[in-house]
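One file, input_1.txt, is given below (compact mmCIF, C-alpha atoms).
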```
# COMPACT_ATOMS: atom_id res chain seq x y z
CA MET A 1 -115.87 81.54 60.08
CA ILE A 2 -114.34 82.89 56.87
CA VAL A 3 -111.07 81.51 55.46
CA GLY A 4 -109.24 83.96 53.20
CA VAL A 5 -106.56 83.12 50.64
CA PRO A 6 -104.52 86.07 49.31
CA LYS A 7 -102.41 85.71 46.20
CA GLU A 8 -98.80 84.83 47.02
CA SER A 9 -96.60 87.92 46.72
CA PHE A 10 -93.10 86.46 46.97
CA PRO A 11 -91.36 86.98 43.60
CA GLY A 12 -91.72 83.84 41.48
CA GLU A 13 -93.98 82.04 43.97
CA ARG A 14 -96.61 80.17 41.94
CA ARG A 15 -98.30 78.06 44.62
CA VAL A 16 -101.66 78.81 46.22
CA ALA A 17 -102.68 77.87 49.75
CA LEU A 18 -106.04 76.25 48.89
CA THR A 19 -107.18 74.53 45.70
CA PRO A 20 -110.75 74.21 44.38
CA ALA A 21 -110.93 70.53 45.36
CA VAL A 22 -110.75 71.27 49.12
CA VAL A 23 -113.38 74.04 49.12
CA PRO A 24 -116.41 71.70 49.44
CA ASN A 25 -114.84 70.00 52.48
CA LEU A 26 -114.36 73.36 54.17
CA LEU A 27 -117.89 74.50 53.34
CA LYS A 28 -119.27 71.27 54.76
CA ALA A 29 -117.29 71.91 57.97
CA GLY A 30 -118.95 75.32 58.39
CA PHE A 31 -116.39 77.61 56.76
CA GLU A 32 -116.78 80.20 54.04
CA VAL A 33 -113.89 80.56 51.59
CA VAL A 34 -112.78 83.79 49.88
CA LEU A 35 -109.82 84.32 47.58
CA GLU A 36 -108.06 87.25 46.02
CA THR A 37 -108.61 87.51 42.27
CA GLY A 38 -106.12 85.31 40.45
CA ALA A 39 -104.80 83.63 43.60
CA GLY A 40 -104.59 80.23 41.93
CA VAL A 41 -103.93 81.18 38.32
CA GLU A 42 -100.14 80.60 38.46
CA ALA A 43 -100.79 77.09 39.76
CA SER A 44 -103.32 76.41 36.94
CA TYR A 45 -106.38 76.91 39.15
CA PRO A 46 -108.55 79.64 37.56
CA ASP A 47 -111.02 81.72 39.59
CA ALA A 48 -113.97 80.04 37.84
CA ASP A 49 -112.99 76.66 39.33
CA TYR A 50 -113.16 78.10 42.85
CA VAL A 51 -116.51 79.78 42.22
CA GLU A 52 -117.89 76.54 40.83
CA ARG A 53 -116.98 74.81 44.10
CA GLY A 54 -118.60 77.50 46.27
CA ALA A 55 -115.84 80.01 47.03
CA ARG A 56 -116.07 83.78 46.55
CA ILE A 57 -113.54 85.89 44.68
CA LEU A 58 -112.64 89.32 46.06
CA PRO A 59 -110.95 91.93 43.84
CA GLU A 60 -108.56 93.46 46.38
CA ARG A 61 -105.90 91.90 48.62
CA SER A 62 -106.81 94.22 51.48
CA GLU A 63 -110.43 93.09 51.20
CA VAL A 64 -109.40 89.46 51.67
CA PHE A 65 -107.54 90.33 54.88
CA ARG A 66 -110.37 92.54 56.09
CA THR A 67 -113.03 89.88 55.42
CA ALA A 68 -111.21 86.76 56.66
CA ASP A 69 -111.22 85.43 60.20
CA VAL A 70 -108.50 82.97 59.15
CA VAL A 71 -105.83 83.91 56.59
CA VAL A 72 -104.10 80.97 54.91
CA GLN A 73 -100.91 81.54 52.93
CA VAL A 74 -97.99 79.52 51.64
CA LEU A 75 -95.30 82.09 52.48
CA CYS A 76 -96.33 84.35 55.36
CA PRO A 77 -94.37 87.29 56.77
CA GLY A 78 -91.12 85.72 57.95
CA SER A 79 -90.74 83.09 55.26
CA ASN A 80 -91.51 85.78 52.70
CA ASP A 81 -88.52 88.01 53.36
CA ARG A 82 -89.04 90.09 50.22
CA THR A 83 -92.62 91.41 50.34
CA GLY A 84 -94.07 89.81 53.47
CA LYS A 85 -93.83 92.92 55.64
CA ALA A 86 -96.37 94.66 53.41
CA ASP A 87 -99.02 92.30 54.81
CA LEU A 88 -98.36 93.15 58.47
CA PRO A 89 -100.60 96.27 58.50
CA LEU A 90 -103.40 94.18 56.98
CA LEU A 91 -103.44 91.73 59.90
CA ARG A 92 -105.55 92.44 62.96
CA ARG A 93 -105.78 91.33 66.56
CA ASP A 94 -107.27 87.85 67.13
CA GLN A 95 -107.21 87.08 63.41
CA ILE A 96 -105.69 83.66 62.71
CA LEU A 97 -102.77 83.23 60.30
CA ILE A 98 -101.58 79.84 59.03
CA GLY A 99 -98.61 79.12 56.77
CA PHE A 100 -94.81 79.00 56.56
CA LEU A 101 -93.47 81.60 59.03
CA ARG A 102 -89.78 80.63 59.33
CA PRO A 103 -90.06 81.15 63.13
CA LEU A 104 -86.40 80.26 63.78
CA GLY A 105 -85.12 82.74 61.21
CA SER A 106 -85.32 86.20 62.81
CA ILE A 107 -86.65 87.08 66.24
CA GLU A 108 -87.29 90.67 65.08
CA THR A 109 -89.60 89.42 62.32
CA VAL A 110 -91.45 87.09 64.70
CA GLN A 111 -91.89 89.92 67.20
CA GLU A 112 -93.19 92.23 64.46
CA LEU A 113 -95.76 89.57 63.61
CA ALA A 114 -96.70 89.18 67.27
CA ALA A 115 -97.17 92.94 67.59
CA THR A 116 -100.09 92.80 65.15
CA GLY A 117 -102.00 90.72 67.72
CA VAL A 118 -102.54 87.92 65.22
CA THR A 119 -102.76 84.29 66.36
CA ALA A 120 -100.15 82.74 64.05
CA PHE A 121 -99.51 79.06 63.39
CA SER A 122 -96.27 77.91 61.73
CA VAL A 123 -96.77 74.80 59.61
CA GLU A 124 -93.04 73.96 59.61
CA LEU A 125 -93.27 73.32 63.37
CA MET A 126 -95.82 70.53 62.89
CA PRO A 127 -94.81 67.67 65.21
CA ARG A 128 -93.82 64.43 63.52
CA ILE A 129 -96.41 62.24 65.18
CA THR A 130 -98.91 59.83 63.65
CA ARG A 131 -101.89 62.12 64.30
CA ALA A 132 -100.23 64.94 62.37
CA GLN A 133 -99.14 63.01 59.27
CA SER A 134 -102.01 64.38 57.18
CA MET A 135 -100.88 67.91 58.13
CA ASP A 136 -97.16 67.45 57.44
CA VAL A 137 -96.50 70.24 54.95
CA LEU A 138 -92.72 69.92 55.22
CA SER A 139 -92.82 66.33 54.00
CA SER A 140 -95.17 67.24 51.15
CA MET A 141 -92.94 70.04 49.88
CA ALA A 142 -89.76 68.00 50.42
CA THR A 143 -91.23 65.28 48.19
CA ILE A 144 -91.61 67.82 45.37
CA CYS A 145 -88.09 69.20 45.93
CA GLY A 146 -86.42 65.79 45.86
CA TYR A 147 -88.18 64.88 42.63
CA LYS A 148 -87.43 68.17 40.89
CA ALA A 149 -83.78 68.21 42.01
CA VAL A 150 -83.08 65.02 40.07
CA LEU A 151 -84.90 66.32 36.99
CA LEU A 152 -82.77 69.48 37.07
CA ALA A 153 -79.64 67.36 37.35
CA ALA A 154 -80.70 65.09 34.49
CA ASP A 155 -81.46 68.09 32.29
CA THR A 156 -78.06 69.66 33.04
CA LEU A 157 -75.82 66.58 32.95
CA PRO A 158 -74.18 66.09 29.54
CA ARG A 159 -74.73 62.34 29.88
CA LEU A 160 -77.74 60.02 29.83
CA PHE A 161 -79.06 58.59 33.09
CA PRO A 162 -80.02 55.03 32.03
CA MET A 163 -77.88 52.24 30.63
CA LEU A 164 -78.70 51.84 26.94
CA THR A 165 -77.73 49.16 24.46
CA THR A 166 -77.60 50.82 21.07
CA ALA A 167 -76.26 50.24 17.57
CA ALA A 168 -73.31 52.34 18.67
CA GLY A 169 -72.63 50.11 21.65
CA THR A 170 -73.57 50.16 25.33
CA ILE A 171 -73.93 53.42 27.22
CA THR A 172 -73.13 53.05 30.91
CA PRO A 173 -75.62 54.47 33.44
CA ALA A 174 -75.01 57.68 35.34
CA ARG A 175 -73.93 57.45 38.98
CA VAL A 176 -76.06 59.53 41.33
CA PHE A 177 -75.17 60.11 44.99
CA ILE A 178 -77.68 61.54 47.47
CA ILE A 179 -76.44 63.02 50.75
CA GLY A 180 -79.21 63.23 53.32
CA ALA A 181 -81.91 60.59 53.25
CA GLY A 182 -84.85 62.53 54.66
CA VAL A 183 -88.07 62.90 52.69
CA ALA A 184 -86.43 64.96 49.93
CA GLY A 185 -83.45 62.62 49.73
CA LEU A 186 -85.59 59.49 49.53
CA GLN A 187 -87.69 60.98 46.76
CA ALA A 188 -84.50 61.94 44.92
CA ILE A 189 -83.25 58.35 45.21
CA ALA A 190 -86.53 56.96 43.89
CA THR A 191 -86.61 59.44 40.99
CA ALA A 192 -82.99 58.78 39.98
CA ARG A 193 -83.68 55.05 40.06
CA ARG A 194 -86.76 55.46 37.85
CA LEU A 195 -84.61 57.37 35.36
CA GLY A 196 -82.19 54.44 35.28
CA ALA A 197 -79.22 55.81 37.22
CA VAL A 198 -77.07 53.76 39.59
CA THR A 199 -78.06 55.41 42.86
CA SER A 200 -76.43 55.47 46.28
CA ALA A 201 -77.05 57.54 49.39
CA TYR A 202 -75.59 58.50 52.74
CA ASP A 203 -77.14 59.75 55.97
CA LEU A 204 -75.61 60.02 59.41
CA ARG A 205 -78.74 58.48 60.95
CA PRO A 206 -78.40 54.67 61.09
CA ALA A 207 -82.19 54.29 60.74
CA ALA A 208 -81.97 55.75 57.22
CA LYS A 209 -80.21 52.65 55.85
CA GLU A 210 -83.38 50.60 55.66
CA GLN A 211 -85.30 53.50 54.11
CA VAL A 212 -82.66 53.95 51.40
CA HIS A 213 -82.85 50.26 50.56
CA SER A 214 -86.65 50.43 50.42
CA VAL A 215 -86.54 52.88 47.49
CA GLY A 216 -83.85 50.98 45.63
CA GLY A 217 -80.72 52.85 46.64
CA ARG A 218 -77.39 51.53 47.90
CA PHE A 219 -76.50 52.86 51.35
CA VAL A 220 -72.96 54.18 51.74
CA GLU A 221 -71.56 53.36 55.17
CA LEU A 222 -68.67 55.36 56.53
CA PRO A 223 -66.27 54.15 59.24
CA ILE A 224 -67.17 57.02 61.52
CA GLN A 225 -68.92 56.89 64.86
CA VAL A 226 -72.17 58.87 65.22
CA GLU A 227 -73.70 59.40 68.62
CA ASP A 228 -77.12 60.93 69.15
CA ALA A 229 -77.70 61.24 65.39
CA GLN A 230 -81.34 62.41 65.47
CA ASP A 231 -83.64 64.39 67.72
CA SER A 232 -87.03 63.41 69.12
CA ARG A 233 -88.74 64.76 65.98
CA GLY A 234 -86.77 62.44 63.69
CA TYR A 235 -84.50 65.16 62.26
CA ALA A 236 -80.71 64.88 62.07
CA LYS A 237 -78.94 66.60 64.95
CA ALA A 238 -76.02 68.95 64.41
CA GLN A 239 -72.59 67.44 65.10
CA ASP A 240 -69.30 69.15 65.97
CA GLU A 241 -66.84 70.48 63.39
CA THR A 242 -64.45 67.58 63.90
CA PHE A 243 -67.16 65.14 62.87
CA TYR A 244 -68.03 67.11 59.72
CA GLN A 245 -64.36 67.39 58.70
CA ARG A 246 -63.88 63.63 59.05
CA GLN A 247 -67.18 63.01 57.26
CA ALA A 248 -66.12 65.19 54.32
CA GLU A 249 -62.82 63.32 54.03
CA LEU A 250 -64.61 59.98 53.83
CA LEU A 251 -67.29 61.24 51.44
CA GLY A 252 -64.68 62.68 49.08
CA LYS A 253 -64.03 59.45 47.20
CA VAL A 254 -67.73 58.73 46.63
CA VAL A 255 -68.36 62.30 45.47
CA ALA A 256 -65.42 62.17 43.04
CA GLU A 257 -66.81 59.00 41.45
CA SER A 258 -70.33 60.44 41.02
CA ASP A 259 -71.80 62.14 37.96
CA VAL A 260 -74.52 63.79 40.03
CA VAL A 261 -74.63 64.67 43.73
CA VAL A 262 -77.82 65.90 45.39
CA THR A 263 -77.36 67.29 48.89
CA ALA A 264 -80.34 67.46 51.21
CA ALA A 265 -78.75 67.64 54.67
CA VAL A 266 -80.57 70.27 56.73
CA VAL A 267 -80.59 70.68 60.50
CA PRO A 268 -83.67 72.65 61.68
CA GLY A 269 -82.72 76.06 63.04
CA LYS A 270 -79.04 75.64 62.19
CA LYS A 271 -76.79 76.55 59.27
CA PRO A 272 -76.47 73.42 57.08
CA PRO A 273 -73.15 71.58 57.44
CA VAL A 274 -70.66 71.96 54.57
CA LEU A 275 -70.33 68.42 53.22
CA ILE A 276 -68.75 69.14 49.84
CA THR A 277 -65.71 71.41 49.82
CA ARG A 278 -64.31 73.19 46.76
CA GLN A 279 -61.45 70.70 46.83
CA MET A 280 -63.95 67.84 46.53
CA VAL A 281 -65.72 69.62 43.67
CA GLY A 282 -62.41 69.89 41.85
CA LYS A 283 -61.99 66.10 41.90
CA MET A 284 -65.31 65.48 40.12
CA ALA A 285 -65.30 64.84 36.37
CA PRO A 286 -65.95 67.84 34.10
CA GLY A 287 -69.66 68.16 33.34
CA SER A 288 -70.72 66.67 36.69
CA VAL A 289 -73.64 68.27 38.51
CA ILE A 290 -74.33 69.13 42.14
CA VAL A 291 -77.84 70.13 43.23
CA ASP A 292 -77.76 71.73 46.68
CA LEU A 293 -81.21 71.62 48.27
CA ALA A 294 -79.82 73.41 51.33
CA ALA A 295 -78.55 76.39 49.29
CA GLU A 296 -81.15 78.84 50.60
CA ARG A 297 -79.90 78.39 54.16
CA GLY A 298 -76.19 78.48 53.39
CA GLY A 299 -75.66 75.25 51.48
CA ASN A 300 -74.09 71.81 51.91
CA CYS A 301 -71.65 72.61 49.11
CA GLU A 302 -68.99 75.26 49.67
CA ALA A 303 -69.42 76.48 46.08
CA SER A 304 -73.20 76.95 46.26
CA ARG A 305 -74.83 80.33 45.87
CA ALA A 306 -78.48 80.65 46.87
CA GLY A 307 -80.73 81.16 43.87
CA GLU A 308 -77.90 80.78 41.35
CA VAL A 309 -76.37 78.19 39.03
CA VAL A 310 -72.58 78.44 38.99
CA ILE A 311 -69.77 76.59 37.23
CA GLU A 312 -67.00 75.60 39.63
CA GLN A 313 -63.96 73.87 38.11
CA GLY A 314 -66.06 72.45 35.31
CA VAL A 315 -68.82 71.25 37.66
CA THR A 316 -72.31 72.80 37.55
CA VAL A 317 -73.52 73.68 41.05
CA ILE A 318 -77.26 74.33 41.18
CA GLY A 319 -78.42 76.44 44.12
CA THR A 320 -81.94 77.10 42.84
CA ILE A 321 -84.32 77.84 45.72
CA ASN A 322 -88.05 77.28 46.20
CA LEU A 323 -88.15 74.21 43.96
CA ALA A 324 -91.64 73.27 45.16
CA SER A 325 -92.96 76.39 43.46
CA THR A 326 -91.71 75.09 40.10
CA VAL A 327 -94.30 72.29 40.29
CA PRO A 328 -97.15 74.55 41.47
CA TYR A 329 -100.15 72.43 40.49
CA HIS A 330 -99.32 69.40 42.61
CA ALA A 331 -97.40 71.34 45.25
CA SER A 332 -100.55 73.43 45.83
CA GLN A 333 -102.71 70.32 45.82
CA MET A 334 -100.61 68.67 48.52
CA TYR A 335 -100.28 71.87 50.56
CA ALA A 336 -104.04 72.49 50.40
CA ARG A 337 -104.81 68.99 51.66
CA ASN A 338 -102.40 69.40 54.56
CA ILE A 339 -103.81 72.82 55.47
CA THR A 340 -107.40 71.57 55.24
CA ALA A 341 -106.59 68.73 57.64
CA PHE A 342 -105.02 71.27 60.01
CA LEU A 343 -108.05 73.58 59.82
CA LEU A 344 -110.41 70.70 60.54
CA HIS A 345 -108.25 69.82 63.53
CA LEU A 346 -108.26 73.36 64.95
CA PHE A 347 -111.94 74.10 64.31
CA ARG A 348 -115.16 72.33 65.21
CA ASP A 349 -118.46 73.29 63.58
CA GLY A 350 -116.76 76.36 62.12
CA LYS A 351 -115.56 77.58 65.54
CA PHE A 352 -112.01 77.85 66.82
CA HIS A 353 -111.25 75.32 69.57
CA PRO A 354 -107.82 76.05 71.04
CA ASP A 355 -106.41 73.24 73.18
CA PRO A 356 -103.05 73.97 74.88
CA GLY A 357 -102.96 70.32 75.93
CA ASP A 358 -102.91 69.22 72.30
CA GLU A 359 -99.36 68.76 70.97
CA ILE A 360 -100.33 69.80 67.44
CA PHE A 361 -101.86 73.07 68.66
CA ARG A 362 -99.13 73.80 71.19
CA GLU A 363 -96.15 73.09 68.94
CA THR A 364 -97.39 75.09 65.93
CA LEU A 365 -98.76 78.15 67.75
CA VAL A 366 -96.13 80.91 67.52
CA THR A 367 -97.81 84.22 68.40
CA GLN A 368 -100.93 85.12 70.36
CA ASP A 369 -102.23 88.23 72.13
CA GLY A 370 -99.17 90.25 71.12
CA GLU A 371 -96.66 87.72 72.50
CA VAL A 372 -94.30 85.13 71.05
CA VAL A 373 -95.76 82.15 72.92
CA ASN A 374 -94.03 79.16 71.34
CA ALA A 375 -91.69 77.56 73.89
CA ARG A 376 -89.29 76.20 71.26
CA VAL A 377 -88.98 79.58 69.53
CA ARG A 378 -88.43 81.41 72.82
CA GLU A 379 -85.75 78.94 73.88
CA PHE A 380 -84.03 79.12 70.48
CA PHE A 381 -83.70 82.91 70.69
CA GLY A 382 -82.85 82.94 74.40
CA LEU A 383 -86.10 84.60 75.48
CA PRO A 384 -87.23 83.93 79.06
CA ALA A 385 -89.89 81.25 79.40
CA LEU A 386 -93.44 82.57 79.76
CA THR A 387 -94.72 82.05 83.27
CA MET A 388 -98.29 81.78 82.07
CA GLN A 389 -99.52 81.14 78.52
CA SER A 390 -102.03 83.61 77.12
CA LYS A 391 -105.51 82.21 76.77
CA THR A 392 -107.56 82.46 73.64
```
Spell out the structure here as structure tokens.
Amino acid sequence: MIVGVPKESFPGERRVALTPAVVPNLLKAGFEVVLETGAGVEASYPDADYVERGARILPERSEVFRTADVVVQVLCPGSNDRTGKADLPLLRRDQILIGFLRPLGSIETVQELAATGVTAFSVELMPRITRAQSMDVLSSMATICGYKAVLLAADTLPRLFPMLTTAAGTITPARVFIIGAGVAGLQAIATARRLGAVTSAYDLRPAAKEQVHSVGGRFVELPIQVEDAQDSRGYAKAQDETFYQRQAELLGKVVAESDVVVTAAVVPGKKPPVLITRQMVGKMAPGSVIVDLAAERGGNCEASRAGEVVIEQGVTVIGTINLASTVPYHASQMYARNITAFLLHLFRDGKFHPDPGDEIFRETLVTQDGEVVNARVREFFGLPALTMQSKT
């Protein structure tokens, strides 16, 4: 069984799906590993490091797709909405594709992928269960994003983060407010604390309070009732517009008093709620910074623009996307470990062992035998339920 790693083609994407360190584990499990020339160079993994560990380097992208039984990417067609379609003709029936697919983004794109006959697994659909923790790519990438968001804010803010006692007197610490205490939010809290800022956070899920405290943040409690705050996968559930309007009113004071706000409130498959209005931005002190980690999907801040940094009423609003790619060495390392664990779960002795009874297999499988077979994806797009799943 040959695992192929093409070079990422999305503009500015610097990660690579497998790193040299995981190659020996895959070889030991009965795989062969091939990579496109230069696949890991942008992440500081030269071809020679892969060859030293037992992988083969192929000169052409098409050759990687033609040779591989399993293609592993970071951004597959779907999540790569710029150049991903160019890979569709390179895929073939019964080949296996693993990576970010953005399966809840566009049904047309998912159906185009299904039409190739490829058996595609979407890593962002990995169930949040104990057995799948080592395969949780979303958590790995969110960790990177939360860390980098605070560094961007610190670099942009015209103030220092820590309290300093100097010959010129005492400098008060910056006040950082994190909205959304998922994995990215918690990492942002921890990073801001390490930089010396006074850090607080809010999340509509009551269970997040203890997690915020565990990383040194102060939890902001709002006098607003939340029912059914999270789904069975542990993600925040979308609320109605009345709730979000009331929430924004109550958050306004905390936002106005903050030097930095990092928003990380994302609801899977939904447009992110607007938590910071332009009116709220206008009440922040000049020079304040907002980093919107939900900008790519529409943003938690009304002033955000995906992929851009804008100045709104004296406040810098950072909508930079794909932050994980800006730390490509460790982002690739974490991604590769997650993907390796997933491969070792799906394959035994180098052979594919599909198990529809296995939650990990069932929840991540999106396309097979020319069909969109994932029940969650079909329900999301209003497709009729399949009466009988295709068999591998």
Grab the atom CA of A:Glu379 to atom CA of A:Ile107 distance for me, in Å with one decimal place. 11.2 Å
Using all atoms listed in the file, list the residues that have an atom at most 12 Å from (-66.8, 59.0, 46.5), coordinates as in the file, as a PDB file with C-alpha atoms, in the coordinates of the input.
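What follows is the written file point31.pdb:
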```pdb
ATOM      1  CA  ARG A 175     -73.930  57.450  38.980  1.00  0.00           C
ATOM      2  CA  VAL A 176     -76.060  59.530  41.330  1.00  0.00           C
ATOM      3  CA  PHE A 177     -75.170  60.110  44.990  1.00  0.00           C
ATOM      4  CA  ILE A 178     -77.680  61.540  47.470  1.00  0.00           C
ATOM      5  CA  ILE A 179     -76.440  63.020  50.750  1.00  0.00           C
ATOM      6  CA  SER A 200     -76.430  55.470  46.280  1.00  0.00           C
ATOM      7  CA  ALA A 201     -77.050  57.540  49.390  1.00  0.00           C
ATOM      8  CA  TYR A 202     -75.590  58.500  52.740  1.00  0.00           C
ATOM      9  CA  VAL A 220     -72.960  54.180  51.740  1.00  0.00           C
ATOM     10  CA  GLU A 221     -71.560  53.360  55.170  1.00  0.00           C
ATOM     11  CA  LEU A 222     -68.670  55.360  56.530  1.00  0.00           C
ATOM     12  CA  GLN A 247     -67.180  63.010  57.260  1.00  0.00           C
ATOM     13  CA  ALA A 248     -66.120  65.190  54.320  1.00  0.00           C
ATOM     14  CA  GLU A 249     -62.820  63.320  54.030  1.00  0.00           C
ATOM     15  CA  LEU A 250     -64.610  59.980  53.830  1.00  0.00           C
ATOM     16  CA  LEU A 251     -67.290  61.240  51.440  1.00  0.00           C
ATOM     17  CA  GLY A 252     -64.680  62.680  49.080  1.00  0.00           C
ATOM     18  CA  LYS A 253     -64.030  59.450  47.200  1.00  0.00           C
ATOM     19  CA  VAL A 254     -67.730  58.730  46.630  1.00  0.00           C
ATOM     20  CA  VAL A 255     -68.360  62.300  45.470  1.00  0.00           C
ATOM     21  CA  ALA A 256     -65.420  62.170  43.040  1.00  0.00           C
ATOM     22  CA  GLU A 257     -66.810  59.000  41.450  1.00  0.00           C
ATOM     23  CA  SER A 258     -70.330  60.440  41.020  1.00  0.00           C
ATOM     24  CA  ASP A 259     -71.800  62.140  37.960  1.00  0.00           C
ATOM     25  CA  VAL A 260     -74.520  63.790  40.030  1.00  0.00           C
ATOM     26  CA  VAL A 261     -74.630  64.670  43.730  1.00  0.00           C
ATOM     27  CA  ILE A 276     -68.750  69.140  49.840  1.00  0.00           C
ATOM     28  CA  MET A 280     -63.950  67.840  46.530  1.00  0.00           C
ATOM     29  CA  VAL A 281     -65.720  69.620  43.670  1.00  0.00           C
ATOM     30  CA  LYS A 283     -61.990  66.100  41.900  1.00  0.00           C
ATOM     31  CA  MET A 284     -65.310  65.480  40.120  1.00  0.00           C
ATOM     32  CA  ALA A 285     -65.300  64.840  36.370  1.00  0.00           C
TER      33      ALA A 285
END
```
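Relative to atom CA of A:Thr143, atom CA of A:Thr130 is found at 18.1 Å.
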Given all atoms listed in the file as the counted atoms, nearest of A:Ile360, A:Pro77, A:Val123, A:Ala132 to A:Glu108: A:Pro77
If we draw a sphere of 12 Å around (-89.9, 88.9, 72.0), which residues have at least one atom in it when counting all atoms listed in the file? Please report them as a ChimeraX atom specification. /A:103,106-115,366-368,370-375,377-386
Can you list, as a ChimeraX atom specification, every protein, DNA or RNA residue that comes within 6 Å of A:Ala264 when you count all atoms listed in the file, leaving out same-chain residues fewer than 3 positions away? /A:179-180,185,293-294
Dump as a PDB file, in the frame of the given file, selection limited to C-alpha atoms:
```
ATOM      1  CA  ILE A 179     -76.440  63.020  50.750  1.00  0.00           C
ATOM      2  CA  GLY A 180     -79.210  63.230  53.320  1.00  0.00           C
ATOM      3  CA  GLY A 185     -83.450  62.620  49.730  1.00  0.00           C
ATOM      4  CA  LEU A 293     -81.210  71.620  48.270  1.00  0.00           C
ATOM      5  CA  ALA A 294     -79.820  73.410  51.330  1.00  0.00           C
TER       6      ALA A 294
END
```
